$ cat upload_31.cif   # mmCIF, C-alpha atoms; chains and numbers go by the auth columns
data_run
loop_
_atom_site.group_PDB
_atom_site.id
_atom_site.type_symbol
_atom_site.label_atom_id
_atom_site.label_comp_id
_atom_site.label_asym_id
_atom_site.label_seq_id
_atom_site.Cartn_x
_atom_site.Cartn_y
_atom_site.Cartn_z
_atom_site.B_iso_or_equiv
_atom_site.auth_seq_id
_atom_site.auth_asym_id
ATOM 1 C CA MET A 1 15.766 51.402 8.096 0.00 1167 G
ATOM 2 C CA SER A 2 18.747 49.154 7.676 0.00 1168 G
ATOM 3 C CA ASN A 3 19.183 47.384 4.373 0.00 1169 G
ATOM 4 C CA ASP A 4 20.922 44.245 5.689 0.00 1170 G
ATOM 5 C CA LEU A 5 18.709 41.393 6.720 0.00 1171 G
ATOM 6 C CA THR A 6 20.875 39.351 9.059 0.00 1172 G
ATOM 7 C CA ALA A 7 18.574 38.197 11.853 0.00 1173 G
ATOM 8 C CA ARG A 8 16.877 34.899 11.140 0.00 1174 G
ATOM 9 C CA VAL A 9 13.337 34.254 12.389 0.00 1175 G
ATOM 10 C CA ARG A 10 11.370 31.119 11.863 0.00 1176 G
ATOM 11 C CA ALA A 11 7.578 31.396 11.944 0.00 1177 G
ATOM 12 C CA ARG A 12 4.582 29.495 10.720 0.00 1178 G
ATOM 13 C CA ILE A 13 1.841 31.125 8.631 0.00 1179 G
ATOM 14 C CA THR A 14 -1.335 29.853 7.021 0.00 1180 G
ATOM 15 C CA PRO A 15 -1.207 28.505 3.481 0.00 1181 G
ATOM 16 C CA GLU A 16 -3.412 31.403 2.332 0.00 1182 G
ATOM 17 C CA ASN A 17 -0.960 33.969 3.719 0.00 1183 G
ATOM 18 C CA ALA A 18 1.955 32.037 2.230 0.00 1184 G
ATOM 19 C CA ALA A 19 0.312 32.180 -1.202 0.00 1185 G
ATOM 20 C CA LEU A 20 -0.399 35.908 -0.786 0.00 1186 G
ATOM 21 C CA LEU A 21 3.210 36.462 0.323 0.00 1187 G
ATOM 22 C CA ASP A 22 4.481 34.712 -2.800 0.00 1188 G
ATOM 23 C CA VAL A 23 2.217 36.778 -5.059 0.00 1189 G
ATOM 24 C CA ARG A 24 3.114 40.063 -3.342 0.00 1190 G
ATOM 25 C CA ALA A 25 6.857 39.351 -3.425 0.00 1191 G
ATOM 26 C CA ARG A 26 6.743 38.534 -7.140 0.00 1192 G
ATOM 27 C CA ALA A 27 4.596 41.625 -7.890 0.00 1193 G
ATOM 28 C CA LEU A 28 6.999 43.929 -6.031 0.00 1194 G
ATOM 29 C CA GLY A 29 10.129 42.182 -7.310 0.00 1195 G
ATOM 30 C CA LYS A 30 11.351 41.656 -3.750 0.00 1196 G
ATOM 31 C CA THR A 31 12.256 38.657 -1.685 0.00 1197 G
ATOM 32 C CA LYS A 32 9.806 37.198 0.810 0.00 1198 G
ATOM 33 C CA SER A 33 12.129 38.294 3.600 0.00 1199 G
ATOM 34 C CA ARG A 34 12.074 41.892 2.359 0.00 1200 G
ATOM 35 C CA VAL A 35 8.230 41.916 2.143 0.00 1201 G
ATOM 36 C CA ILE A 36 7.941 40.473 5.658 0.00 1202 G
ATOM 37 C CA ASN A 37 10.528 42.966 6.980 0.00 1203 G
ATOM 38 C CA ASP A 38 8.640 45.896 5.363 0.00 1204 G
ATOM 39 C CA ALA A 39 5.353 44.669 6.846 0.00 1205 G
ATOM 40 C CA LEU A 40 6.891 44.381 10.315 0.00 1206 G
ATOM 41 C CA SER A 41 8.495 47.834 10.003 0.00 1207 G
ATOM 42 C CA SER A 42 5.156 49.316 9.046 0.00 1208 G
ATOM 43 C CA CYS A 43 3.490 47.580 11.948 0.00 1209 G
ATOM 44 C CA PHE A 44 6.043 48.755 14.509 0.00 1210 G
ATOM 45 C CA THR A 45 6.312 52.352 13.301 0.00 1211 G
ATOM 46 C CA PHE A 46 2.518 52.881 13.207 0.00 1212 G
ATOM 47 C CA GLU A 47 2.770 54.435 9.712 0.00 1213 G
ATOM 48 C CA HIS A 48 -0.108 52.287 8.550 0.00 1214 G
ATOM 49 C CA ASP A 49 -2.247 53.270 11.551 0.00 1215 G
ATOM 50 C CA ASP A 50 -1.469 56.970 11.103 0.00 1216 G
ATOM 51 C CA ALA A 51 -2.432 56.916 7.438 0.00 1217 G
ATOM 52 C CA ARG A 52 -5.620 54.990 8.215 0.00 1218 G
ATOM 53 C CA ASP A 53 -6.486 57.385 11.055 0.00 1219 G
ATOM 54 C CA ALA A 54 -5.924 60.370 8.761 0.00 1220 G
ATOM 55 C CA ARG A 55 -8.331 58.883 6.197 0.00 1221 G
ATOM 56 C CA ILE A 56 -10.909 58.168 8.903 0.00 1222 G
ATOM 57 C CA LEU A 57 -10.639 61.705 10.285 0.00 1223 G
ATOM 58 C CA GLU A 58 -11.010 63.158 6.795 0.00 1224 G
ATOM 59 C CA LYS A 59 -14.169 61.119 6.188 0.00 1225 G
ATOM 60 C CA LEU A 60 -15.553 62.032 9.614 0.00 1226 G
ATOM 61 C CA ASP A 61 -14.942 65.709 8.908 0.00 1227 G
ATOM 62 C CA MET A 62 -16.780 65.403 5.593 0.00 1228 G
ATOM 63 C CA MET A 63 -19.667 63.570 7.286 0.00 1229 G
ATOM 64 C CA ILE A 64 -19.896 66.241 10.002 0.00 1230 G
ATOM 65 C CA ARG A 65 -20.061 68.985 7.355 0.00 1231 G
ATOM 66 C CA HIS A 66 -22.778 67.080 5.478 0.00 1232 G
ATOM 67 C CA ASN A 67 -24.664 66.523 8.725 0.00 1233 G
ATOM 68 C CA HIS A 68 -24.458 70.250 9.476 0.00 1234 G
ATOM 69 C CA ARG A 69 -25.861 71.087 6.030 0.00 1235 G
ATOM 70 C CA HIS A 70 -28.661 68.558 6.435 0.00 1236 G
ATOM 71 C CA SER A 71 -29.508 69.917 9.887 0.00 1237 G
ATOM 72 C CA ARG A 72 -29.577 73.463 8.537 0.00 1238 G
ATOM 73 C CA ASP A 73 -31.816 72.430 5.642 0.00 1239 G
ATOM 74 C CA LEU A 74 -34.129 70.483 7.946 0.00 1240 G
ATOM 75 C CA ASN A 75 -34.404 73.464 10.307 0.00 1241 G
ATOM 76 C CA LEU A 76 -35.196 75.732 7.370 0.00 1242 G
ATOM 77 C CA HIS A 77 -37.909 73.373 6.139 0.00 1243 G
ATOM 78 C CA SER A 78 -39.371 73.002 9.625 0.00 1244 G
ATOM 79 C CA GLU A 79 -39.452 76.749 10.222 0.00 1245 G
ATOM 80 C CA THR A 80 -40.971 77.369 6.788 0.00 1246 G
ATOM 81 C CA PHE A 81 -43.675 74.802 7.384 0.00 1247 G
ATOM 82 C CA ALA A 82 -44.389 76.161 10.884 0.00 1248 G
ATOM 83 C CA LEU A 83 -44.686 79.688 9.468 0.00 1249 G
ATOM 84 C CA PHE A 84 -47.034 78.449 6.764 0.00 1250 G
ATOM 85 C CA LEU A 85 -49.213 76.655 9.338 0.00 1251 G
ATOM 86 C CA HIS A 86 -49.280 79.763 11.528 0.00 1252 G
ATOM 87 C CA PHE A 87 -50.378 81.854 8.561 0.00 1253 G
ATOM 88 C CA TYR A 88 -52.967 79.284 7.463 0.00 1254 G
ATOM 89 C CA PHE A 89 -54.549 78.918 10.887 0.00 1255 G
ATOM 90 C CA THR A 90 -54.596 82.674 11.328 0.00 1256 G
ATOM 91 C CA MET A 91 -56.291 83.290 7.972 0.00 1257 G
ATOM 92 C CA ALA A 92 -58.526 80.180 7.748 0.00 1258 G
ATOM 93 C CA PRO A 93 -62.247 80.976 7.840 0.00 1259 G
ATOM 94 C CA GLN A 94 -64.411 79.658 10.663 0.00 1260 G
ATOM 95 C CA ILE A 95 -66.407 76.524 9.852 0.00 1261 G
ATOM 96 C CA SER A 96 -70.012 76.218 10.931 0.00 1262 G
ATOM 97 C CA LYS A 97 -71.033 73.142 12.910 0.00 1263 G
ATOM 98 C CA ALA A 98 -73.310 71.962 10.068 0.00 1264 G
ATOM 99 C CA ASP A 99 -70.428 71.923 7.551 0.00 1265 G
ATOM 100 C CA THR A 100 -67.940 70.159 9.808 0.00 1266 G
ATOM 101 C CA ASP A 101 -68.592 66.600 8.551 0.00 1267 G
ATOM 102 C CA VAL A 102 -68.661 67.622 4.883 0.00 1268 G
ATOM 103 C CA ARG A 103 -65.479 69.657 5.276 0.00 1269 G
ATOM 104 C CA ALA A 104 -63.763 66.820 7.168 0.00 1270 G
ATOM 105 C CA ALA A 105 -64.561 64.358 4.362 0.00 1271 G
ATOM 106 C CA ARG A 106 -63.344 66.845 1.752 0.00 1272 G
ATOM 107 C CA GLY A 107 -60.191 67.445 3.823 0.00 1273 G
ATOM 108 C CA VAL A 108 -59.435 63.713 3.925 0.00 1274 G
ATOM 109 C CA GLY A 109 -59.885 63.535 0.141 0.00 1275 G
ATOM 110 C CA LEU A 110 -57.611 66.526 -0.435 0.00 1276 G
ATOM 111 C CA MET A 111 -55.007 65.103 1.961 0.00 1277 G
ATOM 112 C CA ASN A 112 -55.008 61.786 0.103 0.00 1278 G
ATOM 113 C CA GLN A 113 -54.663 63.653 -3.192 0.00 1279 G
ATOM 114 C CA PHE A 114 -51.751 65.658 -1.750 0.00 1280 G
ATOM 115 C CA VAL A 115 -49.983 62.508 -0.510 0.00 1281 G
ATOM 116 C CA ASP A 116 -50.449 60.850 -3.913 0.00 1282 G
ATOM 117 C CA GLN A 117 -49.022 63.912 -5.714 0.00 1283 G
ATOM 118 C CA LEU A 118 -46.121 64.098 -3.265 0.00 1284 G
ATOM 119 C CA GLY A 119 -45.362 60.401 -3.808 0.00 1285 G
ATOM 120 C CA ALA A 120 -45.385 60.883 -7.581 0.00 1286 G
ATOM 121 C CA LYS A 121 -43.061 63.906 -7.323 0.00 1287 G
ATOM 122 C CA MET A 122 -40.639 62.007 -5.082 0.00 1288 G
ATOM 123 C CA ARG A 123 -40.589 59.032 -7.463 0.00 1289 G
ATOM 124 C CA MET A 124 -39.671 61.417 -10.301 0.00 1290 G
ATOM 125 C CA GLY A 125 -36.785 62.912 -8.311 0.00 1291 G
ATOM 126 C CA GLY A 126 -38.441 65.462 -6.042 0.00 1292 G
ATOM 127 C CA LYS A 127 -37.192 68.637 -7.734 0.00 1293 G
ATOM 128 C CA THR A 128 -40.263 70.761 -6.916 0.00 1294 G
ATOM 129 C CA PHE A 129 -38.244 73.808 -5.862 0.00 1295 G
ATOM 130 C CA LYS A 130 -36.275 73.863 -9.138 0.00 1296 G
ATOM 131 C CA GLN A 131 -39.513 73.445 -11.109 0.00 1297 G
ATOM 132 C CA ALA A 132 -41.052 76.313 -9.155 0.00 1298 G
ATOM 133 C CA LEU A 133 -38.056 78.502 -9.980 0.00 1299 G
ATOM 134 C CA SER A 134 -38.376 77.738 -13.682 0.00 1300 G
ATOM 135 C CA ASP A 135 -42.056 78.723 -13.458 0.00 1301 G
ATOM 136 C CA VAL A 136 -41.191 82.042 -11.774 0.00 1302 G
ATOM 137 C CA LEU A 137 -37.996 83.100 -13.541 0.00 1303 G
ATOM 138 C CA VAL A 138 -38.388 84.882 -16.862 0.00 1304 G
ATOM 139 C CA SER A 139 -36.149 85.233 -19.885 0.00 1305 G
ATOM 140 C CA ASP A 140 -36.111 87.368 -23.015 0.00 1306 G
ATOM 141 C CA GLN A 141 -38.256 84.774 -24.798 0.00 1307 G
ATOM 142 C CA ASP A 142 -41.091 85.548 -22.366 0.00 1308 G
ATOM 143 C CA PHE A 143 -41.213 89.186 -23.529 0.00 1309 G
ATOM 144 C CA PHE A 144 -40.040 89.165 -27.164 0.00 1310 G
ATOM 145 C CA ARG A 145 -40.656 87.122 -30.278 0.00 1311 G
ATOM 146 C CA LEU A 146 -37.747 85.127 -31.711 0.00 1312 G
ATOM 147 C CA ASP A 147 -37.221 87.562 -34.614 0.00 1313 G
ATOM 148 C CA GLU A 148 -37.091 90.494 -32.161 0.00 1314 G
ATOM 149 C CA ILE A 149 -34.481 88.705 -30.051 0.00 1315 G
ATOM 150 C CA GLN A 150 -32.346 88.068 -33.152 0.00 1316 G
ATOM 151 C CA LEU A 151 -32.629 91.743 -34.097 0.00 1317 G
ATOM 152 C CA LEU A 152 -31.574 92.759 -30.554 0.00 1318 G
ATOM 153 C CA GLU A 153 -28.566 90.426 -30.735 0.00 1319 G
ATOM 154 C CA LYS A 154 -27.497 91.927 -34.080 0.00 1320 G
ATOM 155 C CA LEU A 155 -27.803 95.426 -32.651 0.00 1321 G
ATOM 156 C CA GLN A 156 -25.768 94.459 -29.585 0.00 1322 G
ATOM 157 C CA LYS A 157 -23.029 92.977 -31.781 0.00 1323 G
ATOM 158 C CA LYS A 158 -23.014 96.077 -33.943 0.00 1324 G
ATOM 159 C CA LYS A 159 -22.893 98.319 -30.884 0.00 1325 G
ATOM 160 C CA ALA A 160 -20.026 96.272 -29.429 0.00 1326 G
ATOM 161 C CA ALA A 161 -18.057 96.654 -32.684 0.00 1327 G
ATOM 162 C CA THR A 162 -18.728 100.406 -33.021 0.00 1328 G
ATOM 163 C CA PRO A 163 -16.750 101.702 -29.967 0.00 1329 G
ATOM 164 C CA LYS A 164 -13.576 100.056 -31.264 0.00 1330 G
ATOM 165 C CA LYS A 165 -13.764 102.061 -34.492 0.00 1331 G
ATOM 166 C CA LYS A 166 -14.407 105.290 -32.584 0.00 1332 G
ATOM 167 C CA MET A 167 -11.414 104.659 -30.343 0.00 1333 G
ATOM 168 C CA GLU A 168 -9.192 103.991 -33.361 0.00 1334 G
ATOM 169 C CA THR A 169 -10.207 107.299 -34.988 0.00 1335 G
ATOM 170 C CA ALA A 170 -9.761 109.132 -31.661 0.00 1336 G
ATOM 171 C CA ASP A 171 -6.133 107.938 -31.451 0.00 1337 G
ATOM 172 C CA VAL A 172 -5.309 109.374 -34.915 0.00 1338 G
#
$ encode --input "upload_31.cif" --output "structure tokens"
Amino acid sequence: MSNDLTARVRARITPENAALLDVRARALGKTKSRVINDALSSCFTFEHDDARDARILEKLDMMIRHNHRHSRDLNLHSETFALFLHFYFTMAPQISKADTDVRAARGVGLMNQFVDQLGAKMRMGGKTFKQALSDVLVSDQDFFRLDEIQLLEKLQKKKAATPKKKMETADV
């Protein structure tokens, strides 16, 4: 880009753009002509469009990856639920005709209770799977008392320190 601004162009702009041009020129420490020339250069070389397109493509790529993850998760949930229903309907006991109405009423009550519990869980953040993992996973505290754990830690520290001394005496 040439540094000499010799061509003279006369144009009319809105007062708002004129005010913005003044502010931008002062902020950059450039003349109004230089700011206008830079803007026109950017417009004609498509640098601005290329940078914008690159940002759009990057966001689209991220959205596609998120969509793929969501689709995978949704398929997993659907298949899990279908498998559960298949198991349930295979193992469900037969209902006699006399108990049908009573069972239907009880089923409606249980369904309403389930929906209420689900709504409460979702309002609290819906972390049922993580809560289920914490219920299933065990730690040392589940098998030992606190004083036994402290004793085990002391023994482990002592054992970790002992091989160093043996190695030092072996080198001598």
$ axis_aligned_box --input "upload_31.cif" --around "segment 1238-1249 of chain G" --padding-each-side "6 Å" --output "lines of an AutoDock Vina configuration file"
center_x = -37.1
center_y = 75.1
center_z = 8.3
size_x = 27.1
size_y = 21.2
size_z = 17.2
$ atom_distance --input "upload_31.cif" --atom1 "atom CA of Ala1326 of chain G" --atom2 "atom CA of Leu1312 of chain G"
21.1 Å
$ atom_distance --input "upload_31.cif" --atom1 "atom CA of Arg1272 of chain G" --atom2 "atom CA of Met1257 of chain G"
18.9 Å
$ atom_distance --input "upload_31.cif" --atom1 "atom CA of Ala1271 of chain G" --atom2 "atom CA of His1243 of chain G"
28.2 Å
$ resolve_selection --input "upload_31.cif" --expression "the PyMOL selection byres ((chain G and resi 1193-1207) around 10)" --output "PyMOL selection string"
chain G and resi 1167+1169-1171+1174-1175+1184+1187-1192+1208-1214
$ decode --input "upload_31.cif" --residues "segment 1236-1261 of chain G" --atoms "N, CA and C atoms" --output "PDB file, in the first residue's frame"
ATOM      1  N   HIS G1236     -24.012 -34.042  21.052  1.00  0.00           N
ATOM      2  CA  HIS G1236     -25.386 -34.095  21.539  1.00  0.00           C
ATOM      3  C   HIS G1236     -26.158 -35.225  20.863  1.00  0.00           C
ATOM      4  N   SER G1237     -25.947 -35.408  19.571  1.00  0.00           N
ATOM      5  CA  SER G1237     -26.616 -36.495  18.853  1.00  0.00           C
ATOM      6  C   SER G1237     -26.184 -37.848  19.405  1.00  0.00           C
ATOM      7  N   ARG G1238     -24.891 -37.993  19.646  1.00  0.00           N
ATOM      8  CA  ARG G1238     -24.379 -39.246  20.207  1.00  0.00           C
ATOM      9  C   ARG G1238     -24.995 -39.510  21.576  1.00  0.00           C
ATOM     10  N   ASP G1239     -25.034 -38.474  22.424  1.00  0.00           N
ATOM     11  CA  ASP G1239     -25.597 -38.634  23.757  1.00  0.00           C
ATOM     12  C   ASP G1239     -27.088 -38.973  23.686  1.00  0.00           C
ATOM     13  N   LEU G1240     -27.801 -38.298  22.790  1.00  0.00           N
ATOM     14  CA  LEU G1240     -29.231 -38.554  22.643  1.00  0.00           C
ATOM     15  C   LEU G1240     -29.467 -39.980  22.154  1.00  0.00           C
ATOM     16  N   ASN G1241     -28.657 -40.444  21.206  1.00  0.00           N
ATOM     17  CA  ASN G1241     -28.793 -41.828  20.738  1.00  0.00           C
ATOM     18  C   ASN G1241     -28.521 -42.815  21.866  1.00  0.00           C
ATOM     19  N   LEU G1242     -27.505 -42.534  22.664  1.00  0.00           N
ATOM     20  CA  LEU G1242     -27.191 -43.406  23.794  1.00  0.00           C
ATOM     21  C   LEU G1242     -28.353 -43.463  24.777  1.00  0.00           C
ATOM     22  N   HIS G1243     -28.928 -42.316  25.091  1.00  0.00           N
ATOM     23  CA  HIS G1243     -30.058 -42.276  26.017  1.00  0.00           C
ATOM     24  C   HIS G1243     -31.256 -43.015  25.435  1.00  0.00           C
ATOM     25  N   SER G1244     -31.518 -42.809  24.156  1.00  0.00           N
ATOM     26  CA  SER G1244     -32.658 -43.467  23.516  1.00  0.00           C
ATOM     27  C   SER G1244     -32.485 -44.979  23.515  1.00  0.00           C
ATOM     28  N   GLU G1245     -31.293 -45.435  23.156  1.00  0.00           N
ATOM     29  CA  GLU G1245     -31.038 -46.878  23.134  1.00  0.00           C
ATOM     30  C   GLU G1245     -31.113 -47.474  24.534  1.00  0.00           C
ATOM     31  N   THR G1246     -30.602 -46.756  25.521  1.00  0.00           N
ATOM     32  CA  THR G1246     -30.659 -47.237  26.903  1.00  0.00           C
ATOM     33  C   THR G1246     -32.102 -47.354  27.364  1.00  0.00           C
ATOM     34  N   PHE G1247     -32.882 -46.355  27.073  1.00  0.00           N
ATOM     35  CA  PHE G1247     -34.290 -46.375  27.476  1.00  0.00           C
ATOM     36  C   PHE G1247     -35.044 -47.485  26.748  1.00  0.00           C
ATOM     37  N   ALA G1248     -34.779 -47.660  25.451  1.00  0.00           N
ATOM     38  CA  ALA G1248     -35.433 -48.727  24.689  1.00  0.00           C
ATOM     39  C   ALA G1248     -35.064 -50.098  25.253  1.00  0.00           C
ATOM     40  N   LEU G1249     -33.797 -50.277  25.616  1.00  0.00           N
ATOM     41  CA  LEU G1249     -33.359 -51.546  26.201  1.00  0.00           C
ATOM     42  C   LEU G1249     -34.042 -51.789  27.548  1.00  0.00           C
ATOM     43  N   PHE G1250     -34.149 -50.724  28.344  1.00  0.00           N
ATOM     44  CA  PHE G1250     -34.836 -50.854  29.622  1.00  0.00           C
ATOM     45  C   PHE G1250     -36.297 -51.245  29.408  1.00  0.00           C
ATOM     46  N   LEU G1251     -36.982 -50.587  28.473  1.00  0.00           N
ATOM     47  CA  LEU G1251     -38.387 -50.913  28.211  1.00  0.00           C
ATOM     48  C   LEU G1251     -38.530 -52.354  27.729  1.00  0.00           C
ATOM     49  N   HIS G1252     -37.629 -52.777  26.855  1.00  0.00           N
ATOM     50  CA  HIS G1252     -37.659 -54.161  26.372  1.00  0.00           C
ATOM     51  C   HIS G1252     -37.519 -55.137  27.534  1.00  0.00           C
ATOM     52  N   PHE G1253     -36.572 -54.869  28.412  1.00  0.00           N
ATOM     53  CA  PHE G1253     -36.375 -55.716  29.584  1.00  0.00           C
ATOM     54  C   PHE G1253     -37.616 -55.695  30.478  1.00  0.00           C
ATOM     55  N   TYR G1254     -38.145 -54.506  30.735  1.00  0.00           N
ATOM     56  CA  TYR G1254     -39.301 -54.381  31.626  1.00  0.00           C
ATOM     57  C   TYR G1254     -40.499 -55.148  31.082  1.00  0.00           C
ATOM     58  N   PHE G1255     -40.794 -54.949  29.793  1.00  0.00           N
ATOM     59  CA  PHE G1255     -41.969 -55.615  29.235  1.00  0.00           C
ATOM     60  C   PHE G1255     -41.771 -57.123  29.114  1.00  0.00           C
ATOM     61  N   THR G1256     -40.530 -57.546  29.009  1.00  0.00           N
ATOM     62  CA  THR G1256     -40.261 -58.980  28.977  1.00  0.00           C
ATOM     63  C   THR G1256     -40.460 -59.600  30.356  1.00  0.00           C
ATOM     64  N   MET G1257     -40.039 -58.890  31.402  1.00  0.00           N
ATOM     65  CA  MET G1257     -40.050 -59.433  32.754  1.00  0.00           C
ATOM     66  C   MET G1257     -41.297 -59.053  33.568  1.00  0.00           C
ATOM     67  N   ALA G1258     -42.123 -58.150  33.072  1.00  0.00           N
ATOM     68  CA  ALA G1258     -43.291 -57.692  33.839  1.00  0.00           C
ATOM     69  C   ALA G1258     -44.291 -58.838  34.003  1.00  0.00           C
ATOM     70  N   PRO G1259     -44.844 -58.982  35.206  1.00  0.00           N
ATOM     71  CA  PRO G1259     -45.827 -60.053  35.415  1.00  0.00           C
ATOM     72  C   PRO G1259     -47.153 -59.726  34.721  1.00  0.00           C
ATOM     73  N   GLN G1260     -47.898 -60.751  34.398  1.00  0.00           N
ATOM     74  CA  GLN G1260     -49.215 -60.577  33.789  1.00  0.00           C
ATOM     75  C   GLN G1260     -50.188 -60.024  34.830  1.00  0.00           C
ATOM     76  N   ILE G1261     -51.092 -59.182  34.399  1.00  0.00           N
ATOM     77  CA  ILE G1261     -52.067 -58.564  35.296  1.00  0.00           C
ATOM     78  C   ILE G1261     -53.428 -59.188  35.008  1.00  0.00           C
TER      79      ILE G1261
END
